[in-house]
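Here's the structure we're looking at; comments come further down.
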Amino acid sequence: MAKIADVIKYEGDNSTFIWKHPCEDFNTTTQLIVHESQEAILFSNGLALDLFGPGKHTLETENIPLLGKLINIPTGGESPFHCEVYFINKTEQMAIRWGTDSKVQYIEPTYKFPLSIGASGEMSLSVADSRKLLVKLVGTEPVLDRQRLTAYFRGILMTKIKTFIAQAMKMNAINIFEVDERLESFSTDLRTRLVPIFLDYGVKLNQFYVTTIVKPDGDPQYEKFKELHFRQYADIAEAKLDQQTSIIHAQTQAQKVVIDSQAQAAKRKQEGYTYQQERSFDVAQDAARNESVGQFSNLGIGLGMISGVGSSIGGTVGGMISDAFSGDTTQTAGNKFCDQCGAELSPGAAFCEQCGAPQISLNACKKCGFKFIKPGKFCPRCGAKRED
């Protein structure tokens with residue numbers, strides 16, 4: 001005669017979703033212990049009776065109304081009855097691996113060549129409806145662990161996952177070399193599609209992750225296009241580096257020019273001359289090296305004298321050099337100044353540039369202001385008659 005159980009409790013491991021207690025003969029005073037993360041369902045003659053939550057329960061007809069309708073238990077005493085008890089583990093079971101059993105065939109949108117890829121990842125599951133899971137999947141089996149549960153859903157997973165990945169990569173024109181950037185969106189979209197399917201069997205899909213897209217490494221055609229792709233990006237990176245180097249070089253040169261200019265300006269200020277005076281000195285030196293330097297000898301200015309002029313070259317000698325090149329010898333006697341305001345006059349000026357006062361003299365034409373340099377009766381510039 002089989003032993004009648006006095007205490008019934010869960011004795012499976014945590015990787016199990018549903019576990020059937022091996023004893024099937026109970027007394028009406030048998031204690032049923034259900035832990036916090038569990039539920040228990042009592043079956044009799046293949047029918048699911050009552051569902052017990054966490055706590056300690058005594059198997060009596062008062063506690064099991066449906067059981068009282070199926071068996072006749074005499075009043076008083078302990079009478080045995082035949083039932084089955086299934087324990088359901090309600091904890092979330094994580095890191096359940098999945099992977100496609102065959103390759104996904106699709107045309108790579110960027111380079112237009114056929115590819116075969118696979119996918120794998122992890123998911124976490126928990127029991128959402130104990131009665132539905134028992135009736136639709138477990139039946140009379142004594143154990144439902146994570147391996148057996150994923151085997152039940154393998155066909156559904158493979159069909160949904162492979163179809164979705166092929167469609168998503170085609171519709172969004174996802175480059176095979178950039179597909180890893182889409183793993184998070186793949187995971188979210190796939191979970192949304194799979195949740196109602198799992199719930200239809202009483203299982204909750206808590207998390208779903210696509211962690212790897214398996215590329216056809218080693219395939220000659222794939223390796224050829226992979227080399228082409230990365231060479232293209234390497235050339236772009238090199239060109240960008242050269243551009244950045246040129247910019248840095250230009251900035252460095254500009255900074256050097258600024259520093260040199262600032263240093264030269266400080267030197268001029270310390271030695272007491274201006275940029276204009278320095279440029280006049282440079283002009284004098286260049287003119288002295290010219291083959292026509294003999295013109296300066298006629299003015300009494302030799303090479304040695306030009307090189308030793310110093311800071312005053314911007315004034316008198318600068319004007320003499322300008323006159324020598326222009327052929328105007330009217331101002332060799334010195335600079336002229338306005339009688340009205342005292343401002344220095346430009347050579348041949350008829351009016352003062354500062355106050356506008358006319359600069360007419362007996363040596364100048366009263367009509368156009370041209371300064372005469374030799375005797376005559378008429379002005380060589382405007383033709384007006386000269387007055388003695």
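Every chain in the structure tokens takes a letter, A first, then B, and so on in the order presented; its residues are numbered from 1, and the ligands are numbered from 1 following the presented order.
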Do you have, as a tab-separated table, the list of residues of range 92-203 of chain A lying at most 12 Å from range 36-53 of chain A, each with its nearest atom pair and that distance in Å to one decimal, counting only C-alpha atoms and ordered by chain then number?
```
residue	atom	partner	partner_atom	distance
A:Glu92	CA	A:Ser37	CA	9.6
A:Gln93	CA	A:Ser37	CA	11.9
A:Ser126	CA	A:Ser37	CA	10.9
A:Val127	CA	A:Gln38	CA	9.9
A:Ala128	CA	A:Glu39	CA	11.1
A:Asp129	CA	A:Glu39	CA	10.2
A:Ser130	CA	A:Glu39	CA	7.7
A:Arg131	CA	A:Ala48	CA	7.6
A:Lys132	CA	A:Ala48	CA	10.3
A:Leu133	CA	A:Ile41	CA	11.5
A:Leu134	CA	A:Ala48	CA	8.9
A:Val135	CA	A:Ala48	CA	8.4
A:Gly139	CA	A:Gly46	CA	9.0
A:Thr140	CA	A:Gly46	CA	8.6
```
Worksheet item: So which residues touch range 94-100 of chain A within 10 Å, counting only C-alpha atoms, skipping near sequence neighbours fewer than 6 positions away, as a ChimeraX atom specification?
Response: /A:15,117-126,146-147,150-151,154-155,157-159,161-162,206-214
Worksheet item: So which residues touch Tyr222 in chain A within 10 Å, counting only C-alpha atoms, skipping near sequence neighbours fewer than 4 positions away, as a list in words?
Response: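 Neighbouring residues, sequence-local ones excluded: Phe113, Pro114, Leu115, Ser116, Ile176, Lys215, Pro216, Asp217, Gly218, Lys226, Glu227 and Leu228 of chain A.
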Residues as selected, C-alpha atoms, written as an mmCIF file, in the first residue's frame, can you do that?
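Writing done, so here's out-v1.cif:
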```
data_model
loop_
_atom_site.group_PDB
_atom_site.id
_atom_site.type_symbol
_atom_site.label_atom_id
_atom_site.label_comp_id
_atom_site.auth_asym_id
_atom_site.auth_seq_id
_atom_site.Cartn_x
_atom_site.Cartn_y
_atom_site.Cartn_z
ATOM 1 C CA PHE A 113 25.138 41.396 -52.409
ATOM 2 C CA PRO A 114 23.375 38.405 -50.765
ATOM 3 C CA LEU A 115 24.161 37.644 -47.139
ATOM 4 C CA SER A 116 23.385 34.906 -44.638
ATOM 5 C CA ILE A 176 25.657 44.934 -42.426
ATOM 6 C CA LYS A 215 27.925 37.671 -39.658
ATOM 7 C CA PRO A 216 29.309 35.300 -42.314
ATOM 8 C CA ASP A 217 32.965 35.761 -41.324
ATOM 9 C CA GLY A 218 35.245 33.678 -43.480
ATOM 10 C CA LYS A 226 34.331 44.080 -45.638
ATOM 11 C CA GLU A 227 37.824 45.059 -46.786
ATOM 12 C CA LEU A 228 36.344 47.499 -49.308
#
```
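CA of Ala384 in chain A sits 13.6 Å away from CA of Asn363 in chain A.
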Worksheet entry | Test item: residues at most 7 Å from range 106-111 of chain A, only C-alpha atoms, excluding those fewer than 5 positions along its chain, as a PyMOL selection string | chain A and resi 116+166+170+173-176
Item to complete: Check the DSSP output for the backbone and give back, as a ChimeraX atom specification, the residues of range 34-171 of chain A in strand (DSSP E).
Response: /A:34,38-44,47-52,55-58,80-82,84-89,93-99,104-107,114-127,143-145
Worksheet entry | CA of Val85 in chain A to CA of Lys20 in chain A, straight-line distance in Å |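 CA of Val85 in chain A lies at a distance of 6.0 Å from CA of Lys20 in chain A.
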Worksheet item: Could you state the separation of CA of Gly12 in chain A and CA of Gly55 in chain A in Å, given to one decimal place?
Response: 17.6 Å
Worksheet item: Quick one: of A:Ile8, A:Phe351, A:Met171, A:His35, who's nearest to Lys336 in chain A, counting only C-alpha atoms?
Response: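 Using only C-alpha atoms, Lys336 in chain A sits closest to A:Phe351.
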